[in-house]
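Containing compact mmCIF, C-alpha atoms and all ligand atoms: model_4.txt.
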# COMPACT_ATOMS: atom_id res chain seq x y z
CA MET A 116 0.00 0.00 0.00
CA ASN A 117 1.44 3.40 -0.91
CA SER A 118 1.32 6.37 1.47
CA LEU A 119 -1.70 7.91 -0.26
CA GLN A 120 -3.80 4.75 0.14
CA LEU A 121 -2.55 4.32 3.69
CA PHE A 122 -3.47 7.91 4.51
CA GLN A 123 -6.95 7.57 2.99
CA SER A 124 -7.73 4.32 4.77
CA TYR A 125 -6.32 5.34 8.16
CA PHE A 126 -7.43 8.98 8.37
CA GLN A 127 -10.55 8.64 6.19
CA LYS A 128 -9.74 11.85 4.32
CA GLU A 129 -7.45 13.10 1.54
CA PRO A 130 -3.88 14.26 2.25
CA SER A 131 -2.74 17.72 1.07
CA ILE A 132 0.70 16.64 -0.15
CA THR A 133 2.53 13.46 -1.09
CA SER A 134 6.28 13.40 -1.57
CA SER A 135 9.08 10.86 -1.60
CA ALA A 136 12.84 10.33 -1.48
CA ASN A 137 14.99 7.40 -2.57
CA GLY A 138 17.42 5.23 -0.67
CA ARG A 139 21.00 4.83 -1.87
CA ILE A 140 23.96 2.54 -2.15
CA ASN A 141 27.45 3.90 -1.78
CA LEU A 142 29.64 2.54 -4.57
CA ILE A 143 32.83 3.38 -2.67
CA GLY A 144 34.05 5.78 0.05
CA GLU A 145 32.83 4.53 3.43
CA HIS A 146 33.08 6.63 6.62
CA THR A 147 35.03 9.24 4.67
CA ASP A 148 32.20 11.80 4.67
CA TYR A 149 32.54 12.87 8.32
CA ASN A 150 36.29 13.17 7.70
CA ASN A 151 35.56 15.77 5.01
CA GLY A 152 36.59 13.33 2.29
CA PHE A 153 35.03 11.90 -0.86
CA VAL A 154 32.15 9.50 -1.55
CA LEU A 155 30.53 8.01 -4.64
CA PRO A 156 26.91 7.00 -3.98
CA THR A 157 23.97 6.38 -6.31
CA LEU A 158 20.22 6.20 -5.71
CA ILE A 159 18.29 2.93 -5.63
CA SER A 160 14.71 2.65 -6.82
CA GLN A 161 13.42 1.80 -3.33
CA SER A 162 12.05 4.85 -1.58
CA ILE A 163 10.09 6.32 1.29
CA GLU A 164 6.88 8.14 0.53
CA VAL A 165 4.94 10.38 2.90
CA SER A 166 1.43 11.80 2.62
CA ILE A 167 0.57 14.63 5.00
CA LYS A 168 -2.23 16.96 6.04
CA PRO A 169 -1.87 19.80 8.55
CA ARG A 170 -3.81 19.71 11.83
CA ASP A 171 -5.15 22.60 13.90
CA ASP A 172 -3.51 21.41 17.11
CA GLU A 173 0.06 20.63 18.19
CA GLN A 174 -0.29 16.88 17.75
CA ILE A 175 1.57 14.54 15.37
CA VAL A 176 -0.43 11.47 14.34
CA CYS A 177 1.44 8.95 12.20
CA ILE A 178 0.72 5.67 10.54
CA SER A 179 3.46 3.68 8.85
CA ASN A 180 3.33 0.49 6.79
CA LYS A 181 6.33 -0.78 8.76
CA PHE A 182 5.93 0.51 12.31
CA GLY A 183 2.17 0.93 12.77
CA GLU A 184 0.57 3.86 14.61
CA LEU A 185 2.39 6.45 16.71
CA SER A 186 1.42 9.84 18.04
CA SER A 187 2.89 12.57 20.21
CA LYS A 188 2.97 16.29 20.84
CA ILE A 189 5.27 18.24 18.50
CA ALA A 190 7.39 19.35 21.43
CA ALA A 191 7.65 15.93 23.12
CA SER A 192 11.16 14.74 23.89
CA ASN A 193 13.01 12.18 21.78
CA ASP A 194 11.90 8.62 22.46
CA GLY A 195 13.98 6.51 20.06
CA THR A 196 11.01 5.83 17.74
CA TRP A 197 10.73 7.07 14.16
CA LEU A 198 8.67 9.99 15.55
CA ASP A 199 12.05 11.55 16.38
CA PHE A 200 12.51 12.14 12.65
CA VAL A 201 9.10 13.75 12.33
CA ARG A 202 9.56 16.00 15.38
CA GLY A 203 13.01 16.94 14.07
CA ALA A 204 11.70 17.84 10.61
CA ILE A 205 8.88 19.90 12.12
CA TYR A 206 11.32 21.67 14.44
CA TYR A 207 13.59 22.85 11.60
CA ILE A 208 10.74 23.79 9.23
CA LYS A 209 9.04 25.73 12.04
CA LYS A 210 12.23 27.79 12.43
CA LEU A 211 11.78 28.93 8.81
CA SER A 212 7.99 29.05 8.89
CA PRO A 213 6.51 29.27 12.40
CA THR A 214 2.90 28.72 11.28
CA LEU A 215 3.49 24.97 10.87
CA LYS A 216 1.39 23.13 13.48
CA GLY A 217 0.43 19.53 14.05
CA ILE A 218 0.37 16.99 11.23
CA ASP A 219 -1.33 13.78 10.16
CA ILE A 220 1.18 11.61 8.30
CA ALA A 221 1.15 8.29 6.50
CA VAL A 222 4.55 6.79 5.67
CA SER A 223 5.18 3.92 3.31
CA SER A 224 8.62 2.50 2.74
CA THR A 225 10.09 -0.01 0.32
CA ILE A 226 13.61 0.37 1.77
CA PRO A 227 14.54 -2.43 4.16
CA ASN A 228 15.38 -0.84 7.55
CA GLY A 229 18.76 -1.17 9.19
CA SER A 230 20.27 -2.27 5.88
CA GLY A 231 22.72 0.52 5.22
CA LEU A 232 20.50 1.70 2.35
CA SER A 233 19.79 5.02 3.97
CA SER A 234 16.17 4.69 4.94
CA SER A 235 16.74 7.38 7.60
CA ALA A 236 17.90 10.01 5.12
CA ALA A 237 15.07 9.10 2.75
CA LEU A 238 12.59 9.61 5.59
CA GLU A 239 14.15 12.97 6.49
CA ILE A 240 14.23 14.25 2.92
CA SER A 241 10.71 13.06 2.08
CA LEU A 242 9.36 14.75 5.24
CA LEU A 243 11.30 17.95 4.56
CA ARG A 244 10.09 18.03 0.96
CA ALA A 245 6.49 17.62 2.08
CA PHE A 246 6.70 20.23 4.88
CA ALA A 247 8.55 22.72 2.64
CA GLN A 248 5.85 22.37 -0.01
CA LEU A 249 3.12 22.73 2.59
CA GLN A 250 4.66 25.95 3.89
CA SER A 251 5.58 27.22 0.38
CA LEU A 252 9.27 27.26 1.28
CA ALA A 253 11.89 27.02 -1.47
CA ILE A 254 14.70 25.12 0.22
CA VAL A 255 17.55 24.24 -2.15
CA PRO A 256 18.54 20.53 -2.08
CA LYS A 257 21.94 21.15 -0.41
CA GLU A 258 20.29 23.09 2.41
CA MET A 259 17.68 20.39 2.78
CA ALA A 260 20.47 17.81 3.09
CA LYS A 261 22.08 19.86 5.87
CA ILE A 262 18.78 20.07 7.74
CA GLY A 263 18.37 16.30 7.36
CA GLN A 264 21.81 15.82 8.90
CA GLN A 265 20.86 18.11 11.81
CA ILE A 266 17.79 15.95 12.45
CA GLU A 267 20.13 12.94 12.80
CA HIS A 268 22.54 14.79 15.07
CA GLN A 269 20.04 16.57 17.30
CA PHE A 270 16.98 14.31 17.32
CA VAL A 271 18.10 10.78 16.41
CA GLY A 272 21.56 10.67 17.98
CA THR A 273 23.68 9.43 15.07
CA GLN A 274 26.63 11.71 14.39
CA CYS A 275 26.42 10.91 10.68
CA GLY A 276 28.20 12.62 7.81
CA ILE A 277 26.41 14.34 4.95
CA MET A 278 26.54 11.67 2.23
CA ASP A 279 23.12 10.06 2.65
CA GLN A 280 21.16 13.29 2.87
CA MET A 281 23.09 14.82 -0.05
CA VAL A 282 22.47 11.93 -2.42
CA SER A 283 18.85 11.58 -1.31
CA ALA A 284 18.24 15.33 -1.85
CA CYS A 285 20.44 15.96 -4.93
CA GLY A 286 20.92 12.58 -6.63
CA VAL A 287 19.53 11.61 -10.03
CA PHE A 288 18.42 8.00 -10.48
CA GLY A 289 20.79 6.09 -12.79
CA GLN A 290 23.77 8.38 -12.16
CA ALA A 291 26.56 8.11 -9.60
CA ILE A 292 27.31 11.26 -7.69
CA PHE A 293 30.86 12.16 -6.74
CA LEU A 294 30.62 14.30 -3.63
CA ASP A 295 33.34 16.36 -2.01
CA CYS A 296 32.10 16.34 1.58
CA GLU A 297 34.03 19.49 2.50
CA SER A 298 32.91 21.85 -0.26
CA LEU A 299 29.67 19.91 -0.94
CA GLN A 300 30.44 20.15 -4.64
CA THR A 301 28.96 17.31 -6.66
CA LYS A 302 29.60 15.79 -10.05
CA SER A 303 27.18 13.39 -11.71
CA LEU A 304 28.64 10.46 -13.59
CA PRO A 305 27.01 7.78 -15.73
CA LEU A 306 27.14 4.20 -14.40
CA PHE A 307 28.86 1.43 -16.40
CA PRO A 308 26.69 0.58 -19.43
CA ASN A 309 27.86 -3.07 -19.58
CA HIS A 310 27.99 -3.79 -15.87
CA THR A 311 25.52 -4.17 -13.04
CA PHE A 312 25.73 -3.44 -9.33
CA ILE A 313 23.87 -6.20 -7.49
CA VAL A 314 22.66 -5.24 -4.02
CA ILE A 315 22.47 -8.23 -1.67
CA HIS A 316 21.20 -8.04 1.88
CA SER A 317 23.20 -10.17 4.29
CA GLY A 318 20.04 -11.05 6.23
CA SER A 319 21.38 -9.44 9.39
CA THR A 320 20.48 -5.87 10.25
CA ARG A 321 23.04 -3.52 11.71
CA LYS A 322 23.93 -4.44 15.27
CA LEU A 323 25.06 -1.88 17.85
CA SER A 324 25.71 0.34 14.88
CA GLN A 325 24.91 3.73 16.37
CA GLY A 326 27.39 3.46 19.25
CA SER A 327 30.15 1.96 17.11
CA TYR A 328 29.54 4.54 14.39
CA ASN A 329 29.90 7.43 16.83
CA GLU A 330 32.98 5.73 18.29
CA ARG A 331 34.67 5.56 14.84
CA LYS A 332 33.87 9.22 14.34
CA LEU A 333 35.45 10.15 17.65
CA GLU A 334 38.54 8.04 16.95
CA THR A 335 39.15 9.73 13.61
CA MET A 336 38.48 13.23 15.00
CA MET A 337 41.06 12.62 17.71
CA ALA A 338 43.53 11.25 15.16
CA SER A 339 43.22 14.42 13.07
CA LYS A 340 44.09 16.43 16.21
CA THR A 341 47.12 14.20 16.83
CA LEU A 342 48.29 14.72 13.25
CA ASN A 343 47.51 18.42 13.49
CA VAL A 344 45.39 18.50 10.34
CA PRO A 345 41.91 20.10 10.03
CA SER A 346 40.52 16.68 9.03
CA LEU A 347 41.90 13.32 7.87
CA ARG A 348 41.28 14.45 4.30
CA TYR A 349 44.54 16.38 4.71
CA ALA A 350 46.54 13.50 6.22
CA SER A 351 48.88 11.32 4.18
CA LEU A 352 49.82 7.65 4.54
CA GLU A 353 53.38 8.65 5.52
CA GLN A 354 51.97 10.41 8.58
CA ILE A 355 50.27 7.39 10.10
CA LYS A 356 53.46 6.21 11.80
CA LEU A 357 53.08 9.26 14.05
CA ILE A 358 50.05 7.59 15.64
CA GLU A 359 51.07 5.35 18.52
CA ASP A 360 47.86 3.39 19.10
CA PRO A 361 47.78 0.53 16.54
CA THR A 362 43.97 0.48 16.37
CA ILE A 363 43.73 4.21 15.66
CA ARG A 364 46.54 3.88 13.13
CA ARG A 365 44.48 1.29 11.22
CA ARG A 366 41.38 3.52 11.37
CA VAL A 367 43.34 6.40 9.86
CA LYS A 368 44.87 4.14 7.21
CA HIS A 369 41.38 3.16 6.11
CA ILE A 370 40.21 6.76 5.74
CA ILE A 371 43.26 7.93 3.80
CA SER A 372 43.36 4.92 1.49
CA GLU A 373 39.59 4.97 1.00
CA ASN A 374 39.68 8.62 -0.10
CA ASN A 375 42.33 7.70 -2.67
CA ARG A 376 40.17 4.81 -3.87
CA VAL A 377 37.17 7.10 -4.39
CA ILE A 378 39.25 9.40 -6.61
CA GLN A 379 40.53 6.42 -8.61
CA ALA A 380 37.08 4.81 -8.83
CA THR A 381 35.61 8.06 -10.13
CA SER A 382 38.11 8.13 -12.94
CA CYS A 383 37.31 4.44 -13.64
CA LEU A 384 33.68 5.45 -14.16
CA GLU A 385 34.81 8.23 -16.48
CA LYS A 386 37.01 5.81 -18.45
CA ASN A 387 34.44 2.99 -18.34
CA ASP A 388 37.00 0.74 -16.62
CA ALA A 389 34.82 -1.64 -14.60
CA LYS A 390 37.67 -4.09 -14.03
CA GLN A 391 39.78 -1.68 -12.05
CA PHE A 392 36.67 -0.36 -10.31
CA GLY A 393 35.98 -3.91 -9.11
CA GLU A 394 39.52 -4.25 -7.76
CA LEU A 395 39.11 -1.01 -5.84
CA MET A 396 35.87 -2.36 -4.35
CA ASN A 397 37.71 -5.47 -3.14
CA PHE A 398 40.48 -3.37 -1.55
CA SER A 399 37.86 -1.16 0.03
CA HIS A 400 36.13 -4.17 1.60
CA GLN A 401 39.40 -5.54 2.96
CA SER A 402 40.16 -2.17 4.47
CA MET A 403 36.73 -1.99 6.14
CA ARG A 404 37.06 -5.58 7.37
CA ASP A 405 40.59 -5.41 8.75
CA ASP A 406 41.37 -1.75 9.46
CA TYR A 407 38.08 0.01 10.14
CA GLU A 408 36.49 -3.18 11.53
CA ILE A 409 32.94 -2.52 10.45
CA SER A 410 32.23 -5.74 8.59
CA SER A 411 30.54 -8.94 9.81
CA ASP A 412 30.89 -12.66 9.08
CA GLU A 413 27.76 -12.59 6.95
CA LEU A 414 28.99 -9.65 4.85
CA ASN A 415 32.46 -11.22 4.44
CA LYS A 416 30.91 -14.47 3.28
CA ILE A 417 28.93 -12.73 0.53
CA VAL A 418 32.02 -10.83 -0.64
CA GLU A 419 34.01 -14.06 -0.73
CA SER A 420 31.27 -15.89 -2.58
CA ALA A 421 31.01 -13.04 -5.12
CA SER A 422 34.69 -13.28 -5.86
CA ASN A 423 34.58 -17.10 -6.17
CA ASN A 424 31.69 -16.82 -8.61
CA GLY A 425 33.27 -14.44 -11.09
CA ALA A 426 32.25 -10.97 -9.85
CA LEU A 427 34.61 -8.10 -10.66
CA GLY A 428 34.41 -6.82 -7.10
CA ALA A 429 32.28 -6.68 -3.97
CA ARG A 430 32.15 -4.63 -0.79
CA LEU A 431 29.84 -3.82 2.06
CA THR A 432 27.95 -0.58 1.54
CA GLY A 433 26.88 2.00 4.13
CA ALA A 434 27.78 2.18 7.80
CA GLY A 435 28.56 -1.54 8.12
CA PHE A 436 28.02 -3.89 11.11
CA GLY A 437 25.45 -5.79 9.00
CA GLY A 438 23.27 -4.68 6.10
CA CYS A 439 24.15 -5.04 2.42
CA VAL A 440 26.94 -5.93 0.03
CA ILE A 441 27.19 -4.55 -3.49
CA VAL A 442 28.61 -6.81 -6.17
CA LEU A 443 29.89 -5.63 -9.55
CA SER A 444 29.27 -7.99 -12.44
CA GLU A 445 29.13 -7.98 -16.21
CA ASN A 446 25.48 -7.55 -17.24
CA GLU A 447 25.24 -11.04 -18.76
CA LYS A 448 26.64 -12.76 -15.67
CA ALA A 449 24.62 -10.84 -13.08
CA GLU A 450 21.80 -13.34 -12.75
CA LEU A 451 24.03 -16.37 -12.46
CA ILE A 452 26.34 -14.70 -9.93
CA THR A 453 23.34 -13.62 -7.86
CA GLN A 454 21.91 -17.14 -7.81
CA SER A 455 25.27 -18.65 -6.87
CA ILE A 456 25.75 -16.20 -3.98
CA LEU A 457 22.20 -16.74 -2.70
CA SER A 458 22.62 -20.50 -2.78
CA GLN A 459 25.85 -20.25 -0.76
CA CYS A 460 24.63 -17.59 1.71
CA THR A 461 21.24 -18.84 2.72
CA GLN A 462 20.28 -15.86 4.93
CA ALA A 463 20.99 -13.42 2.09
CA TYR A 464 18.46 -11.97 -0.33
CA LEU A 465 18.50 -9.80 -3.41
CA VAL A 466 17.41 -6.18 -2.83
CA THR A 467 17.89 -4.66 -6.28
CA THR A 468 20.21 -4.34 -9.26
CA ILE A 469 21.44 -1.10 -10.79
CA SER A 470 22.93 -0.82 -14.22
CA GLY A 471 23.87 1.97 -16.57
CA LYS A 472 22.37 -0.10 -19.39
CA LEU A 473 19.20 1.96 -19.46
CA ASN A 474 21.13 5.21 -19.80
CA SER A 475 23.51 4.15 -22.53
C1 LIG B 501 25.99 6.08 7.30
C2 LIG B 501 26.06 7.58 7.52
C3 LIG B 501 26.85 8.29 6.41
C4 LIG B 501 28.20 7.61 6.17
C5 LIG B 501 28.04 6.10 6.04
C6 LIG B 501 29.35 5.39 5.97
O1 LIG B 501 25.24 5.79 6.16
O2 LIG B 501 24.78 8.13 7.59
O3 LIG B 501 27.01 9.64 6.73
O4 LIG B 501 29.11 7.96 7.16
O5 LIG B 501 27.31 5.55 7.13
O6 LIG B 501 30.04 5.73 4.82
Write out the structure in this file as structure tokens.
Ligand code: GLA
Amino acid sequence: MNSLQLFQSYFQKEPSITSSANGRINLIGEHTDYNNGFVLPTLISQSIEVSIKPRDDEQIVCISNKFGELSSKIAASNDGTWLDFVRGAIYYIKKLSPTLKGIDIAVSSTIPNGSGLSSSAALEISLLRAFAQLQSLAIVPKEMAKIGQQIEHQFVGTQCGIMDQMVSACGVFGQAIFLDCESLQTKSLPLFPNHTFIVIHSGSTRKLSQGSYNERKLETMMASKTLNVPSLRYASLEQIKLIEDPTIRRRVKHIISENNRVIQATSCLEKNDAKQFGELMNFSHQSMRDDYEISSDELNKIVESASNNGALGARLTGAGFGGCVIVLSENEKAELITQSILSQCTQAYLVTTISGKLNS
């Protein structure tokens, strides 16, 4: 059921506005965004859709196809439910347009939660789009992305970077987006016409991810202080020997090498060199597994199986600690590789495939 039907059946009236935002996969460049580095995400077709109608009181009444019914006052404190996103979005829109009051909302999602496919950013951006339209506010996509990130920081408690909100707000389906997370400059690039990214869910959702995510952020912030650079974007591999703690040294190595891989992968897209892109994906996964330590047995097994079955490369995508792997394959082999992986990793399932074929 889409959000419009859900709204009609639950509230027994018509919504004023329906809007949506897509989830994403990150092709390469993990945990580099909050270190002011580079990322290369692309949208997936799965999305979150919201239908809304303003109320005359200060109440939020929500119905979701995934989480059922929830309601609260606009000003209620954070409670760890998805209402935190709604209260956050209302809070920031109210700052720009104080007449916004309570809201009836229906939310429908086709993005699996806790999968590293950015359902949170899609919820933030779809809500912000709907509220901005309701209040006749012209918020440019980059600003909307920054507000989405503030919702995460202030209302949800994840100290995330800007990648997910930027691609959800500014991305174009079928194109990769190279994002410089310091300047927020973007460059759209076509995907490989003869190759497919297969998105496979490991079957395990992210465990303890919020705490570990914030911990990685803190570790890398402290490392940039030790190295006396504004952010790890400005650190070089030669400098890592200056870090005494071996764990922190490995964290920093991941960030520096991953930034380099994003630059190289971007030029692979430009040159249509899927083979080298795949190799970079494999190096990226190793780095996340061994140095940044954000992988899991299930994710590693899928990556291994992909490589044994003829994929050009595979890596976990998103924050890690569970969620999805993306596999790069020639278009003709994609189906066979998918079937082989799924037969070897019985918990895993196919989420989607993305190919530049349609755009070529
Ligand atoms: C999550 C965060 C992003 C980014 C990725 C890891 O998706 O929301 O900001 O840090 O993890 O690359």
Inset, instruction - Counting all atoms listed in the file, figure out which residue out of A:Leu347, A:Met281, A:Leu304, A:Ile355 gets nearest to ligand LIG 501 (chain B). - result: A:Met281
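Each of A:Val176, A:Leu121, A:Ala221, A:Leu155 was compared to Arg202 in chain A using all atoms listed in the file, and A:Val176 turns out to be the nearest.
You can rank A:Ile240, A:Val154, A:Val440, A:Val222 by their closest distance to Glu184 in chain A using all atoms listed in the file, and at the top of that list sits A:Val222.
If you measure from each of A:Phe288, A:Phe182, A:Phe293, A:Tyr149 to ligand LIG 501 (chain B) using all atoms listed in the file, the closest one turns out to be A:Tyr149.
Distance check against Ile205 in chain A using all atoms listed in the file: of A:Gly326, A:Gly217, A:Gly289, A:Pro305, the minimum falls on A:Gly217.
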8 Å from ligand LIG 501 (chain B) is the threshold here; counting only C-alpha atoms and all ligand atoms, which polymer residues fall inside it? Answer as a PDB file with C-alpha atoms, keeping the file's coordinate frame.
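The resulting selection_34.pdb:
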ATOM      1  CA  ASN A 141      27.450   3.900  -1.780  1.00  0.00           C
ATOM      2  CA  GLY A 144      34.050   5.780   0.050  1.00  0.00           C
ATOM      3  CA  GLU A 145      32.830   4.530   3.430  1.00  0.00           C
ATOM      4  CA  HIS A 146      33.080   6.630   6.620  1.00  0.00           C
ATOM      5  CA  THR A 147      35.030   9.240   4.670  1.00  0.00           C
ATOM      6  CA  ASP A 148      32.200  11.800   4.670  1.00  0.00           C
ATOM      7  CA  TYR A 149      32.540  12.870   8.320  1.00  0.00           C
ATOM      8  CA  VAL A 154      32.150   9.500  -1.550  1.00  0.00           C
ATOM      9  CA  GLY A 231      22.720   0.520   5.220  1.00  0.00           C
ATOM     10  CA  LEU A 232      20.500   1.700   2.350  1.00  0.00           C
ATOM     11  CA  SER A 233      19.790   5.020   3.970  1.00  0.00           C
ATOM     12  CA  ALA A 236      17.900  10.010   5.120  1.00  0.00           C
ATOM     13  CA  THR A 273      23.680   9.430  15.070  1.00  0.00           C
ATOM     14  CA  GLN A 274      26.630  11.710  14.390  1.00  0.00           C
ATOM     15  CA  CYS A 275      26.420  10.910  10.680  1.00  0.00           C
ATOM     16  CA  GLY A 276      28.200  12.620   7.810  1.00  0.00           C
ATOM     17  CA  ILE A 277      26.410  14.340   4.950  1.00  0.00           C
ATOM     18  CA  MET A 278      26.540  11.670   2.230  1.00  0.00           C
ATOM     19  CA  ASP A 279      23.120  10.060   2.650  1.00  0.00           C
ATOM     20  CA  GLN A 280      21.160  13.290   2.870  1.00  0.00           C
ATOM     21  CA  TYR A 328      29.540   4.540  14.390  1.00  0.00           C
ATOM     22  CA  THR A 432      27.950  -0.580   1.540  1.00  0.00           C
ATOM     23  CA  GLY A 433      26.880   2.000   4.130  1.00  0.00           C
ATOM     24  CA  ALA A 434      27.780   2.180   7.800  1.00  0.00           C
ATOM     25  CA  GLY A 435      28.560  -1.540   8.120  1.00  0.00           C
TER      26      GLY A 435
END
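CA of Met337 in chain A lies 14.4 Å from CA of Gln354 in chain A.
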Inset, instruction - Could you check how far CA of Asp171 in chain A sits from CA of Val271 in chain A, in Å to one decimal? - result: 26.2 Å
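Of the listed residues A:Ile363, A:Lys128, A:Asn228, A:Val314, the one whose atoms come nearest to Glu330 in chain A is A:Ile363, with distances taken using all atoms listed in the file.
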Inset, instruction - Find the residues with any atom within 7 Å of (35.7, 7.6, -3.6); use only C-alpha atoms and the coordinates as given in the file, and write the answer as a VMD selection string. - result: chain A and resid 143 to 144 153 to 155 373 to 378 380 to 381
For the residues selected in the previous step, produce a file with C-alpha atoms as a PDB file, in the coordinates of the input.
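Below is the file that was written, selection-v3.pdb:
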ATOM      1  CA  ILE A 143      32.830   3.380  -2.670  1.00  0.00           C
ATOM      2  CA  GLY A 144      34.050   5.780   0.050  1.00  0.00           C
ATOM      3  CA  PHE A 153      35.030  11.900  -0.860  1.00  0.00           C
ATOM      4  CA  VAL A 154      32.150   9.500  -1.550  1.00  0.00           C
ATOM      5  CA  LEU A 155      30.530   8.010  -4.640  1.00  0.00           C
ATOM      6  CA  GLU A 373      39.590   4.970   1.000  1.00  0.00           C
ATOM      7  CA  ASN A 374      39.680   8.620  -0.100  1.00  0.00           C
ATOM      8  CA  ASN A 375      42.330   7.700  -2.670  1.00  0.00           C
ATOM      9  CA  ARG A 376      40.170   4.810  -3.870  1.00  0.00           C
ATOM     10  CA  VAL A 377      37.170   7.100  -4.390  1.00  0.00           C
ATOM     11  CA  ILE A 378      39.250   9.400  -6.610  1.00  0.00           C
ATOM     12  CA  ALA A 380      37.080   4.810  -8.830  1.00  0.00           C
ATOM     13  CA  THR A 381      35.610   8.060 -10.130  1.00  0.00           C
TER      14      THR A 381
END
Legend entry - Interatomic distance (Å, one decimal) between CA of Ala389 in chain A and CA of Ala463 in chain A: 24.7 Å
